[in-house]
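One structure below.
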2 protein chains.
Amino acid sequence: MTRINSQDIATLVGVSQATVSRAFTPGASISAKTKNRILDAASRLGYQPNVIARSLSKSQSKMIGVLFANWDHPKAADFLQGICEKLMEFDFKALVQSPGATRQVDDIFRDFLQYQVDGVIVFSASPSRQISVDYARNNIPIVLLNRSAKTLNASSISVDASGLGRRMAKELISRSYSRLAIVSKDSESQVVADMSRSIEEMFLESGQAKIISQNSGVYGYDAGIQCIREMWNQPEKPDAVICTSDDTALGVIAGCRHHLDIDVPHDLGVIGLGDTPVAAWKDHDLTTVRIPHDDLISQTVATLVANIENPWNEPEIMELEANLVIRGSIRGE
Amino acid sequence: MTRINSQDIATLVGVSQATVSRAFTPGASISAKTKNRILDAASRLGYQPNVIARSLSKSQSKMIGVLFANWDHPKAADFLQGICEKLMEFDFKALVQSPGATRQVDDIFRDFLQYQVDGVIVFSASPSRQISVDYARNNIPIVLLNRSAKTLNASSISVDASGLGRRMAKELISRSYSRLAIVSKDSESQVVADMSRSIEEMFLESGQAKIISQNSGVYGYDAGIQCIREMWNQPEKPDAVICTSDDTALGVIAGCRHHLDIDVPHDLGVIGLGDTPVAAWKDHDLTTVRIPHDDLISQTVATLVANIENPWNEPEIMELEANLVIRGSIRGE
DNA sequence: ACAATTCTTGCAAGCGCATACATTTAATGC
DNA sequence: GCATTAAATGTATGCGCTTGCAAGAATTGT
């Protein structure tokens, strides 16, 4: 039982196969009358053009490889949904892959190449230099989302980590916090690294505040509890903590309240990252960072599409501002 | 600058194009020696077979359409990641689409057909009957995940909602709760409907317990607070609440504690759904339902692959057991 | 009414690969 | 060493569509 194709429609309507093809090609040279006859017959027989064949002859697949490397991200689903829907607006489809035990990042990039994707979006990962040049050679644009890779031949859309760091430092200093701990995951993105660095710079300038520890571990509520306990056993305790995930920050707060009798925000200011819904709950009231997801996504897709349409575009490096949401987990100015 | 193809390799190595093709076809008839020469040349020139062309001639694309309709699901990312990775194991790629303003569920199904997908996985949605028969006619299997559609010509993998309902009812009755409220979203999946129905049946049998209200609204923490307040204004108050999302349940608990001075679990038992990490936090300690995600995903992909390999398989309807996680938000027996 | 122009349509050659079939080469048996 | 069989390769066609080119039909101007 073979699938119905354009030739079938052609013979049925009594035109050539090429004409059928034209009926489905917007802007092709075809009279309204025959076009309608063809479209009628097609819908009657349930015919739809074979996109694979079209891709082959046009050598463009209308597919975008989406390499999604961080499913643990609190907003992972939002990012992916946004990407899919935004791509849809431009009539692209998302071919989603994620690196795992069997397939590394570069393997997936090669897969995408085999599938003749028109472009690739990478969430929280980067291709090797080799891959990057392979893609450049084939004129297939790559956009890194949530990561800035200035050294690669690729566009990147991320948050302005340095600016964010400066703003955090400013708020902390103006609230007379002076001994900061930063709690972040080990294999953390360079976003966090940049942020930490610029906080440190500001602190150095102010002369009074300093970063006393840079604890690394894992994400999560329990990790937060664990973390604050350990810190409270050290001789030099922080009076402010920045956690690179809201969950961890909430864990820290819980640890303070339920286990250690530390007053948040008076004895310890806590800042999270991500502005998850839980953070806003009144019994948590966590100061945190709101990431401009929608803008990140829009820019990512827009950049990609622009680079597809104009292959001679320079890669675009874009950093969007993240918002600091001040709530009750740090004291007033 | 045209892409390099099998013919290029063929002339370079001095063999026919067909032989190059064979070098990349596992199990094809080709000598180890020439195969190596070809593979060498290929990797030297960075050649990789064009999967699009292969799809066309084999009329199978190795792509699975994934129609993802519920990004708000607390475990959305996990589901999608699981699907992608599991598909990868079978050498399939996921073409992910989600219904939105411009594209309805059926439109996406038609898209998938154009892309010659080998099968479709649907998360929290169902195709129309028409689509279902179109697919059946083309021998393209559909598997519904998180939804059971017994009337359609499709497989479905979901949780055993009735069984879950019975277990809940049993636990509630044995703990002498007798006036249950069920808080669920309006457009709720039939999973919830099934669950409610079987609870009701058990309650009727017991003769003493009953469902006093079936409040519908929206998901979320705030909704939960709002909800419990409203219920406490009614003449007949529940002594147990089942929320079809953990967040809502946590809102209810917060409402009880901070606003209404209701003792949980003594005055009111609360049960959530989903077993999100927050639910396990000691200060929440929410009794909830753990969904067997991994099994759902494995079964979904396994079923799909089986149906692809053997097109004459009957659709499979499978219901997996969900686990009730008893914690402190309901009283002891 | 006829030439000049514009629209439609058909024809045919790809796009890059797989594969049935034919042909050549290598391996095997005695 | 020769016949028989198996393995390796080449040839040629098709998968379903797009598109340049040329031929035919319709439109326009004069």
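Each chain in the structure tokens gets a letter, A, B and so on, in the order shown; residues start at 1 in every chain, and ligands are counted from 1 in the order they appear.
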Sel. of strand (DSSP E) residues, range 38-208 of chain B, as a PyMOL selection string: chain B and resi 63-68+93-97+119-123+142-145+155-159+179-185
Would you mind listing, as a PDB file with N, CA and C atoms (P, O5', C5', C4', C3', O3' and C1' of nucleotides), in the first residue's frame, all residues of chain D that have at least one atom within 10 Å of chain B, where only C-alpha atoms (C1' of nucleotides) are what counts?
```pdb
ATOM      1  P    DA D   7      29.181 -16.076   1.137  1.00  0.00           P
ATOM      2  O5'  DA D   7      30.085 -14.943   0.499  1.00  0.00           O
ATOM      3  C5'  DA D   7      31.497 -15.114   0.450  1.00  0.00           C
ATOM      4  C4'  DA D   7      32.119 -13.960  -0.310  1.00  0.00           C
ATOM      5  C3'  DA D   7      31.639 -12.574   0.133  1.00  0.00           C
ATOM      6  O3'  DA D   7      32.776 -11.739   0.263  1.00  0.00           O
ATOM      7  C1'  DA D   7      31.350 -12.817  -2.194  1.00  0.00           C
ATOM      8  P    DA D   8      32.631 -10.241   0.744  1.00  0.00           P
ATOM      9  O5'  DA D   8      32.807  -9.474  -0.630  1.00  0.00           O
ATOM     10  C5'  DA D   8      34.013  -9.621  -1.361  1.00  0.00           C
ATOM     11  C4'  DA D   8      33.971  -8.746  -2.594  1.00  0.00           C
ATOM     12  C3'  DA D   8      33.606  -7.287  -2.354  1.00  0.00           C
ATOM     13  O3'  DA D   8      34.633  -6.501  -2.945  1.00  0.00           O
ATOM     14  C1'  DA D   8      32.233  -8.220  -4.060  1.00  0.00           C
ATOM     15  P    DT D   9      34.556  -4.924  -2.900  1.00  0.00           P
ATOM     16  O5'  DT D   9      33.767  -4.570  -4.218  1.00  0.00           O
ATOM     17  C5'  DT D   9      34.474  -4.543  -5.452  1.00  0.00           C
ATOM     18  C4'  DT D   9      33.499  -4.386  -6.587  1.00  0.00           C
ATOM     19  C3'  DT D   9      32.884  -3.001  -6.733  1.00  0.00           C
ATOM     20  O3'  DT D   9      33.567  -2.317  -7.759  1.00  0.00           O
ATOM     21  C1'  DT D   9      31.357  -4.766  -7.235  1.00  0.00           C
ATOM     22  P    DG D  10      33.121  -0.853  -8.169  1.00  0.00           P
ATOM     23  O5'  DG D  10      32.110  -1.165  -9.360  1.00  0.00           O
ATOM     24  C5'  DG D  10      32.543  -1.992 -10.437  1.00  0.00           C
ATOM     25  C4'  DG D  10      31.451  -2.110 -11.486  1.00  0.00           C
ATOM     26  C3'  DG D  10      30.801  -0.785 -11.891  1.00  0.00           C
ATOM     27  O3'  DG D  10      30.555  -0.798 -13.288  1.00  0.00           O
ATOM     28  C1'  DG D  10      29.149  -2.247 -11.061  1.00  0.00           C
ATOM     29  P    DT D  11      30.029   0.479 -14.047  1.00  0.00           P
ATOM     30  O5'  DT D  11      28.767  -0.050 -14.864  1.00  0.00           O
ATOM     31  C5'  DT D  11      28.150  -1.268 -14.470  1.00  0.00           C
ATOM     32  C4'  DT D  11      26.736  -1.317 -15.055  1.00  0.00           C
ATOM     33  C3'  DT D  11      26.166   0.031 -15.500  1.00  0.00           C
ATOM     34  O3'  DT D  11      25.273  -0.181 -16.574  1.00  0.00           O
ATOM     35  C1'  DT D  11      24.912  -0.772 -13.679  1.00  0.00           C
ATOM     36  P    DG D  14      12.518   2.994 -13.336  1.00  0.00           P
ATOM     37  O5'  DG D  14      12.149   3.314 -11.823  1.00  0.00           O
ATOM     38  C5'  DG D  14      12.210   2.282 -10.835  1.00  0.00           C
ATOM     39  C4'  DG D  14      12.285   2.926  -9.464  1.00  0.00           C
ATOM     40  C3'  DG D  14      11.378   4.160  -9.284  1.00  0.00           C
ATOM     41  O3'  DG D  14      10.653   4.030  -8.091  1.00  0.00           O
ATOM     42  C1'  DG D  14      13.592   4.680  -8.663  1.00  0.00           C
ATOM     43  P    DC D  15       9.326   4.819  -7.866  1.00  0.00           P
ATOM     44  O5'  DC D  15       9.517   5.502  -6.454  1.00  0.00           O
ATOM     45  C5'  DC D  15       9.993   4.782  -5.335  1.00  0.00           C
ATOM     46  C4'  DC D  15      10.549   5.781  -4.352  1.00  0.00           C
ATOM     47  C3'  DC D  15       9.844   7.136  -4.392  1.00  0.00           C
ATOM     48  O3'  DC D  15       8.821   7.149  -3.404  1.00  0.00           O
ATOM     49  C1'  DC D  15      12.252   7.354  -4.261  1.00  0.00           C
ATOM     50  P    DG D  16       7.308   7.459  -3.842  1.00  0.00           P
ATOM     51  O5'  DG D  16       7.263   9.046  -3.899  1.00  0.00           O
ATOM     52  C5'  DG D  16       7.532   9.777  -2.711  1.00  0.00           C
ATOM     53  C4'  DG D  16       7.832  11.201  -3.090  1.00  0.00           C
ATOM     54  C3'  DG D  16       6.768  11.886  -3.957  1.00  0.00           C
ATOM     55  O3'  DG D  16       6.382  13.076  -3.315  1.00  0.00           O
ATOM     56  C1'  DG D  16       8.903  12.215  -4.875  1.00  0.00           C
TER      57       DG D  16
END
```
Closest atom pairs, residues of chain B within 6 Å of chain A, only C-alpha atoms, as JSON lines:
```
{"residue": "B:Asn50", "atom": "CA", "partner": "A:Gln114", "partner_atom": "CA", "distance": 5.2}
{"residue": "B:Val51", "atom": "CA", "partner": "A:Tyr115", "partner_atom": "CA", "distance": 5.2}
{"residue": "B:Ala77", "atom": "CA", "partner": "A:Ala77", "partner_atom": "CA", "distance": 4.9}
{"residue": "B:Ala94", "atom": "CA", "partner": "A:Val96", "partner_atom": "CA", "distance": 5.6}
{"residue": "B:Leu95", "atom": "CA", "partner": "A:Leu95", "partner_atom": "CA", "distance": 4.6}
{"residue": "B:Val96", "atom": "CA", "partner": "A:Ala94", "partner_atom": "CA", "distance": 5.6}
{"residue": "B:Gln114", "atom": "CA", "partner": "A:Asn50", "partner_atom": "CA", "distance": 5.2}
{"residue": "B:Tyr115", "atom": "CA", "partner": "A:Val51", "partner_atom": "CA", "distance": 5.2}
```
Selection file, N, CA, C and O atoms, as a PDB file, in the first residue's frame:
```pdb
ATOM      1  N   ASN B  50      23.739  11.493   3.505  1.00  0.00           N
ATOM      2  CA  ASN B  50      22.605  12.403   3.605  1.00  0.00           C
ATOM      3  C   ASN B  50      21.361  11.616   4.002  1.00  0.00           C
ATOM      4  O   ASN B  50      20.812  10.852   3.215  1.00  0.00           O
ATOM      5  N   VAL B  51      20.958  11.831   5.245  1.00  0.00           N
ATOM      6  CA  VAL B  51      19.849  11.036   5.756  1.00  0.00           C
ATOM      7  C   VAL B  51      18.546  11.335   5.023  1.00  0.00           C
ATOM      8  O   VAL B  51      17.685  10.475   4.882  1.00  0.00           O
ATOM      9  N   ALA B  77       9.569  18.507  31.502  1.00  0.00           N
ATOM     10  CA  ALA B  77      10.939  18.365  31.012  1.00  0.00           C
ATOM     11  C   ALA B  77      11.409  16.925  31.128  1.00  0.00           C
ATOM     12  O   ALA B  77      12.045  16.392  30.220  1.00  0.00           O
ATOM     13  N   ALA B  94      13.654  12.747  17.574  1.00  0.00           N
ATOM     14  CA  ALA B  94      12.357  13.314  17.937  1.00  0.00           C
ATOM     15  C   ALA B  94      12.117  14.628  17.217  1.00  0.00           C
ATOM     16  O   ALA B  94      12.922  15.551  17.300  1.00  0.00           O
ATOM     17  N   LEU B  95      11.036  14.685  16.508  1.00  0.00           N
ATOM     18  CA  LEU B  95      10.602  15.924  15.886  1.00  0.00           C
ATOM     19  C   LEU B  95       9.512  16.495  16.791  1.00  0.00           C
ATOM     20  O   LEU B  95       8.391  15.987  16.799  1.00  0.00           O
ATOM     21  N   VAL B  96       9.861  17.512  17.552  1.00  0.00           N
ATOM     22  CA  VAL B  96       8.955  17.975  18.602  1.00  0.00           C
ATOM     23  C   VAL B  96       8.122  19.161  18.135  1.00  0.00           C
ATOM     24  O   VAL B  96       8.649  20.123  17.587  1.00  0.00           O
ATOM     25  N   GLN B 114       3.534  14.819   6.603  1.00  0.00           N
ATOM     26  CA  GLN B 114       4.346  15.380   5.518  1.00  0.00           C
ATOM     27  C   GLN B 114       5.820  15.045   5.706  1.00  0.00           C
ATOM     28  O   GLN B 114       6.537  14.808   4.743  1.00  0.00           O
ATOM     29  N   TYR B 115       6.219  15.035   6.964  1.00  0.00           N
ATOM     30  CA  TYR B 115       7.623  14.761   7.236  1.00  0.00           C
ATOM     31  C   TYR B 115       7.920  13.277   7.257  1.00  0.00           C
ATOM     32  O   TYR B 115       8.994  12.862   7.631  1.00  0.00           O
TER      33      TYR B 115
END
```
Per residue of chain C within 7 Å of chain B, which atom pair is closest and at what distance in Å (one decimal), using only C-alpha atoms (C1' of nucleotides), listed by chain and increasing number, as CSV?
```
residue,atom,partner,partner_atom,distance
C:DG16,C1',B:Ala53,CA,5.1
C:DC17,C1',B:Arg54,CA,5.1
C:DA18,C1',B:Ser57,CA,5.9
```
Saved selection, atoms kept: N, CA, C and O atoms (P, O5', C5', C4', C3', O3' and C1' of nucleotides), as an mmCIF file, in the first residue's frame:
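That gives us selection_4.cif:
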```cif
data_model
loop_
_atom_site.group_PDB
_atom_site.id
_atom_site.type_symbol
_atom_site.label_atom_id
_atom_site.label_comp_id
_atom_site.auth_asym_id
_atom_site.auth_seq_id
_atom_site.Cartn_x
_atom_site.Cartn_y
_atom_site.Cartn_z
ATOM 1 P P DG C 16 23.375 16.599 -4.011
ATOM 2 O "O5'" DG C 16 23.281 15.190 -3.292
ATOM 3 C "C5'" DG C 16 22.684 15.106 -2.014
ATOM 4 C "C4'" DG C 16 22.402 13.653 -1.693
ATOM 5 C "C3'" DG C 16 23.616 12.731 -1.839
ATOM 6 O "O3'" DG C 16 23.775 12.039 -0.615
ATOM 7 C "C1'" DG C 16 21.749 11.843 -2.962
ATOM 8 P P DC C 17 24.812 10.891 -0.456
ATOM 9 O "O5'" DC C 17 23.877 9.615 -0.558
ATOM 10 C "C5'" DC C 17 22.965 9.391 0.503
ATOM 11 C "C4'" DC C 17 21.899 8.434 0.065
ATOM 12 C "C3'" DC C 17 22.331 6.977 0.062
ATOM 13 O "O3'" DC C 17 21.713 6.337 1.178
ATOM 14 C "C1'" DC C 17 21.020 7.551 -1.850
ATOM 15 P P DA C 18 22.096 4.838 1.534
ATOM 16 O "O5'" DA C 18 21.014 4.020 0.689
ATOM 17 C "C5'" DA C 18 19.679 4.054 1.116
ATOM 18 C "C4'" DA C 18 18.825 3.111 0.289
ATOM 19 C "C3'" DA C 18 19.205 1.636 0.389
ATOM 20 O "O3'" DA C 18 17.989 0.923 0.430
ATOM 21 C "C1'" DA C 18 19.325 2.338 -1.874
#
```
All helix (DSSP H, G or I) positions in range 32-65 of chain A, as a list of chain:residue names: A:Ala32, A:Lys33, A:Thr34, A:Lys35, A:Asn36, A:Arg37, A:Ile38, A:Leu39, A:Asp40, A:Ala41, A:Ala42, A:Ser43, A:Arg44, A:Leu45, A:Val51, A:Ile52, A:Ala53, A:Arg54, A:Ser55, A:Leu56, A:Ser57, A:Lys58
Output N, CA, C and O atoms of each residue in that selection to a file, as a CSV table (one decimal), in the first residue's frame.
```csv
chain,number,residue,atom,x,y,z
A,32,ALA,N,-5.2,30.2,-11.3
A,32,ALA,CA,-6.1,29.9,-10.2
A,32,ALA,C,-7.0,28.7,-10.4
A,32,ALA,O,-7.2,27.9,-9.5
A,33,LYS,N,-7.4,28.5,-11.6
A,33,LYS,CA,-8.4,27.5,-11.9
A,33,LYS,C,-7.7,26.1,-11.7
A,33,LYS,O,-8.2,25.3,-10.9
A,34,THR,N,-6.7,25.8,-12.4
A,34,THR,CA,-6.0,24.5,-12.3
A,34,THR,C,-5.6,24.3,-10.8
A,34,THR,O,-5.7,23.2,-10.3
A,35,LYS,N,-5.1,25.4,-10.2
A,35,LYS,CA,-4.6,25.2,-8.8
A,35,LYS,C,-5.8,24.7,-8.0
A,35,LYS,O,-5.6,23.8,-7.2
A,36,ASN,N,-6.9,25.3,-8.2
A,36,ASN,CA,-8.1,24.8,-7.4
A,36,ASN,C,-8.4,23.4,-7.6
A,36,ASN,O,-8.7,22.6,-6.7
A,37,ARG,N,-8.5,23.1,-8.9
A,37,ARG,CA,-8.8,21.7,-9.3
A,37,ARG,C,-7.8,20.7,-8.6
A,37,ARG,O,-8.2,19.7,-8.0
A,38,ILE,N,-6.5,21.1,-8.6
A,38,ILE,CA,-5.5,20.2,-8.0
A,38,ILE,C,-5.7,20.1,-6.5
A,38,ILE,O,-5.7,19.0,-5.9
A,39,LEU,N,-5.9,21.3,-5.9
A,39,LEU,CA,-6.1,21.3,-4.4
A,39,LEU,C,-7.3,20.5,-4.0
A,39,LEU,O,-7.3,19.8,-3.0
A,40,ASP,N,-8.3,20.6,-4.8
A,40,ASP,CA,-9.5,19.8,-4.5
A,40,ASP,C,-9.2,18.3,-4.6
A,40,ASP,O,-9.5,17.6,-3.6
A,41,ALA,N,-8.7,17.9,-5.7
A,41,ALA,CA,-8.4,16.5,-5.8
A,41,ALA,C,-7.5,16.0,-4.7
A,41,ALA,O,-7.6,15.0,-4.1
A,42,ALA,N,-6.5,16.9,-4.4
A,42,ALA,CA,-5.5,16.5,-3.3
A,42,ALA,C,-6.3,16.3,-2.0
A,42,ALA,O,-6.1,15.3,-1.3
A,43,SER,N,-7.1,17.2,-1.6
A,43,SER,CA,-7.8,17.1,-0.3
A,43,SER,C,-8.7,15.9,-0.4
A,43,SER,O,-9.0,15.2,0.7
A,44,ARG,N,-9.3,15.7,-1.5
A,44,ARG,CA,-10.2,14.5,-1.7
A,44,ARG,C,-9.4,13.2,-1.4
A,44,ARG,O,-9.9,12.3,-0.7
A,45,LEU,N,-8.3,13.1,-2.0
A,45,LEU,CA,-7.5,11.9,-1.8
A,45,LEU,C,-6.6,11.9,-0.6
A,45,LEU,O,-5.9,11.0,-0.3
A,51,VAL,N,7.5,16.1,2.3
A,51,VAL,CA,8.5,17.1,2.7
A,51,VAL,C,10.0,16.6,2.5
A,51,VAL,O,10.9,17.4,2.2
A,52,ILE,N,10.1,15.3,2.7
A,52,ILE,CA,11.5,14.7,2.6
A,52,ILE,C,12.0,14.9,1.1
A,52,ILE,O,13.1,15.4,0.9
A,53,ALA,N,11.1,14.6,0.2
A,53,ALA,CA,11.5,14.7,-1.2
A,53,ALA,C,11.8,16.2,-1.5
A,53,ALA,O,12.7,16.5,-2.2
A,54,ARG,N,10.9,17.0,-1.0
A,54,ARG,CA,11.1,18.5,-1.2
A,54,ARG,C,12.5,18.9,-0.7
A,54,ARG,O,13.2,19.6,-1.3
A,55,SER,N,12.8,18.5,0.5
A,55,SER,CA,14.0,18.8,1.1
A,55,SER,C,15.2,18.4,0.3
A,55,SER,O,16.1,19.1,0.1
A,56,LEU,N,15.1,17.2,-0.3
A,56,LEU,CA,16.2,16.7,-1.1
A,56,LEU,C,16.4,17.6,-2.3
A,56,LEU,O,17.5,17.9,-2.6
A,57,SER,N,15.3,17.9,-3.0
A,57,SER,CA,15.6,18.7,-4.2
A,57,SER,C,15.9,20.1,-3.9
A,57,SER,O,16.6,20.8,-4.7
A,58,LYS,N,15.4,20.7,-2.8
A,58,LYS,CA,15.7,22.0,-2.5
A,58,LYS,C,17.0,22.2,-1.6
A,58,LYS,O,17.5,23.3,-1.4
```
Report, in Å to a single decimal, how far apart CA of Asp160 in chain B and CA of Gln299 in chain B are.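 Separation of CA of Gln299 in chain B and CA of Asp160 in chain B: 14.0 Å.
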I want to know what sits within 12 Å of DA25 in chain D, based on only C-alpha atoms (C1' of nucleotides), with residues of the same chain fewer than 6 positions away left out; could you give that as number ranges by chain? A: 31; C: 6-9
For range 224-229 of chain A, work out the shell of residues within 8 Å, counting only C-alpha atoms (C1' of nucleotides) and skipping chain neighbours fewer than 4 positions away, then give it as JSON, numbers by chain. {"A": [215, 219, 220, 233, 247, 248, 249, 250, 251, 252, 253, 254, 255, 256, 260]}
Save the residues we just selected, N, CA, C and O atoms, as a PDB file, in the first residue's frame?
```pdb
ATOM      1  N   ASN A 215      31.483  28.045  47.726  1.00  0.00           N
ATOM      2  CA  ASN A 215      31.166  26.642  47.920  1.00  0.00           C
ATOM      3  C   ASN A 215      30.549  26.038  46.672  1.00  0.00           C
ATOM      4  O   ASN A 215      29.628  26.597  46.107  1.00  0.00           O
ATOM      5  N   TYR A 219      22.827  21.218  43.094  1.00  0.00           N
ATOM      6  CA  TYR A 219      21.611  21.998  43.241  1.00  0.00           C
ATOM      7  C   TYR A 219      20.675  21.344  44.239  1.00  0.00           C
ATOM      8  O   TYR A 219      20.763  20.157  44.508  1.00  0.00           O
ATOM      9  N   GLY A 220      19.744  22.108  44.758  1.00  0.00           N
ATOM     10  CA  GLY A 220      18.615  21.501  45.427  1.00  0.00           C
ATOM     11  C   GLY A 220      18.441  21.946  46.865  1.00  0.00           C
ATOM     12  O   GLY A 220      19.351  22.448  47.517  1.00  0.00           O
ATOM     13  N   ASN A 233      29.742  26.079  60.491  1.00  0.00           N
ATOM     14  CA  ASN A 233      30.783  25.440  61.291  1.00  0.00           C
ATOM     15  C   ASN A 233      32.156  26.071  61.070  1.00  0.00           C
ATOM     16  O   ASN A 233      33.095  25.787  61.793  1.00  0.00           O
ATOM     17  N   ASP A 247      16.058  26.811  44.431  1.00  0.00           N
ATOM     18  CA  ASP A 247      15.855  25.681  45.331  1.00  0.00           C
ATOM     19  C   ASP A 247      16.926  25.633  46.408  1.00  0.00           C
ATOM     20  O   ASP A 247      16.641  25.466  47.598  1.00  0.00           O
ATOM     21  N   THR A 248      18.141  25.790  45.971  1.00  0.00           N
ATOM     22  CA  THR A 248      19.234  25.788  46.940  1.00  0.00           C
ATOM     23  C   THR A 248      19.049  26.924  47.937  1.00  0.00           C
ATOM     24  O   THR A 248      19.199  26.743  49.158  1.00  0.00           O
ATOM     25  N   ALA A 249      18.708  28.092  47.436  1.00  0.00           N
ATOM     26  CA  ALA A 249      18.508  29.249  48.307  1.00  0.00           C
ATOM     27  C   ALA A 249      17.409  28.979  49.331  1.00  0.00           C
ATOM     28  O   ALA A 249      17.534  29.317  50.507  1.00  0.00           O
ATOM     29  N   LEU A 250      16.358  28.330  48.870  1.00  0.00           N
ATOM     30  CA  LEU A 250      15.264  28.030  49.790  1.00  0.00           C
ATOM     31  C   LEU A 250      15.714  27.025  50.835  1.00  0.00           C
ATOM     32  O   LEU A 250      15.304  27.082  51.998  1.00  0.00           O
ATOM     33  N   GLY A 251      16.565  26.125  50.418  1.00  0.00           N
ATOM     34  CA  GLY A 251      17.135  25.190  51.367  1.00  0.00           C
ATOM     35  C   GLY A 251      17.943  25.920  52.426  1.00  0.00           C
ATOM     36  O   GLY A 251      17.844  25.635  53.635  1.00  0.00           O
ATOM     37  N   VAL A 252      18.716  26.871  51.997  1.00  0.00           N
ATOM     38  CA  VAL A 252      19.512  27.652  52.931  1.00  0.00           C
ATOM     39  C   VAL A 252      18.601  28.348  53.949  1.00  0.00           C
ATOM     40  O   VAL A 252      18.831  28.298  55.161  1.00  0.00           O
ATOM     41  N   ILE A 253      17.559  28.966  53.441  1.00  0.00           N
ATOM     42  CA  ILE A 253      16.629  29.656  54.341  1.00  0.00           C
ATOM     43  C   ILE A 253      16.017  28.682  55.340  1.00  0.00           C
ATOM     44  O   ILE A 253      15.938  28.938  56.543  1.00  0.00           O
ATOM     45  N   ALA A 254      15.584  27.536  54.804  1.00  0.00           N
ATOM     46  CA  ALA A 254      14.989  26.537  55.692  1.00  0.00           C
ATOM     47  C   ALA A 254      15.990  26.100  56.743  1.00  0.00           C
ATOM     48  O   ALA A 254      15.653  25.953  57.929  1.00  0.00           O
ATOM     49  N   GLY A 255      17.222  25.894  56.325  1.00  0.00           N
ATOM     50  CA  GLY A 255      18.264  25.510  57.264  1.00  0.00           C
ATOM     51  C   GLY A 255      18.415  26.548  58.363  1.00  0.00           C
ATOM     52  O   GLY A 255      18.502  26.215  59.557  1.00  0.00           O
ATOM     53  N   CYS A 256      18.439  27.799  57.969  1.00  0.00           N
ATOM     54  CA  CYS A 256      18.575  28.888  58.943  1.00  0.00           C
ATOM     55  C   CYS A 256      17.434  28.864  59.945  1.00  0.00           C
ATOM     56  O   CYS A 256      17.633  28.948  61.156  1.00  0.00           O
ATOM     57  N   LEU A 260      19.176  26.134  62.498  1.00  0.00           N
ATOM     58  CA  LEU A 260      20.307  26.887  63.020  1.00  0.00           C
ATOM     59  C   LEU A 260      19.915  28.156  63.772  1.00  0.00           C
ATOM     60  O   LEU A 260      20.757  28.829  64.347  1.00  0.00           O
TER      61      LEU A 260
END
```
Find the distance between CA of Ile308 in chain A and CA of Val143 in chain A and write it in Å to one decimal.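 So the answer is 10.9 Å.
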What's around Ser174 in chain A at 12 Å? Count only C-alpha atoms (C1' of nucleotides), leave out sequence neighbours fewer than 3 positions away in its own chain, and write the answer as a list in words.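 After dropping sequence-adjacent residues, the list is Arg167, Met168, Ala169, Lys170, Glu171, Tyr177, Ser178, Met202, Phe203, Ser206, Gln208, Ala209, Ile330, Arg331, Gly332 and Glu333 of chain A.
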Write out as a list in words the residues lying within 12 Å of DC21 in chain D, counting only C-alpha atoms (C1' of nucleotides) and excluding same-chain residues fewer than 6 positions away. DG10, DC11, DA12 and DA13 of chain C
I'd like the interatomic distance between CA of Leu145 in chain B and CA of Val289 in chain B, to a tenth of an Å.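 According to the coordinates, CA of Leu145 in chain B and CA of Val289 in chain B are separated by 17.8 Å.
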Neighbouring residues of Val159 in chain B were defined as those with any atom within 6 Å, considering only C-alpha atoms (C1' of nucleotides); residues of the same chain fewer than 2 positions away were excluded. Please report them as a ChimeraX atom specification. /B:161,319-321
Same residues, all heavy atoms, saved as a CSV table (one decimal), in the first residue's frame:
```csv
chain,number,residue,atom,x,y,z
B,161,ALA,N,-5.7,5.1,36.8
B,161,ALA,CA,-6.4,6.1,37.6
B,161,ALA,C,-7.4,5.5,38.6
B,161,ALA,O,-7.5,5.9,39.7
B,161,ALA,CB,-7.1,7.1,36.7
B,319,GLU,N,-2.0,0.4,31.4
B,319,GLU,CA,-2.2,1.3,32.5
B,319,GLU,C,-1.2,0.9,33.6
B,319,GLU,O,-1.2,-0.2,34.2
B,319,GLU,CB,-3.6,1.2,33.1
B,319,GLU,CG,-4.6,1.7,32.1
B,319,GLU,CD,-6.0,2.0,32.7
B,319,GLU,OE1,-6.3,1.3,33.7
B,319,GLU,OE2,-6.7,2.9,32.3
B,320,LEU,N,-0.3,1.8,34.0
B,320,LEU,CA,0.7,1.5,35.0
B,320,LEU,C,0.2,2.0,36.4
B,320,LEU,O,-0.5,2.9,36.5
B,320,LEU,CB,2.0,2.1,34.7
B,320,LEU,CG,2.6,1.8,33.3
B,320,LEU,CD1,3.9,2.4,33.1
B,320,LEU,CD2,2.7,0.3,33.1
B,321,GLU,N,0.7,1.3,37.4
B,321,GLU,CA,0.3,1.7,38.7
B,321,GLU,C,1.1,2.9,39.2
B,321,GLU,O,2.3,3.0,39.1
B,321,GLU,CB,0.6,0.6,39.7
B,321,GLU,CG,-0.5,-0.4,39.7
B,321,GLU,CD,-0.6,-1.1,41.1
B,321,GLU,OE1,0.2,-0.8,42.0
B,321,GLU,OE2,-1.5,-2.0,41.2
```
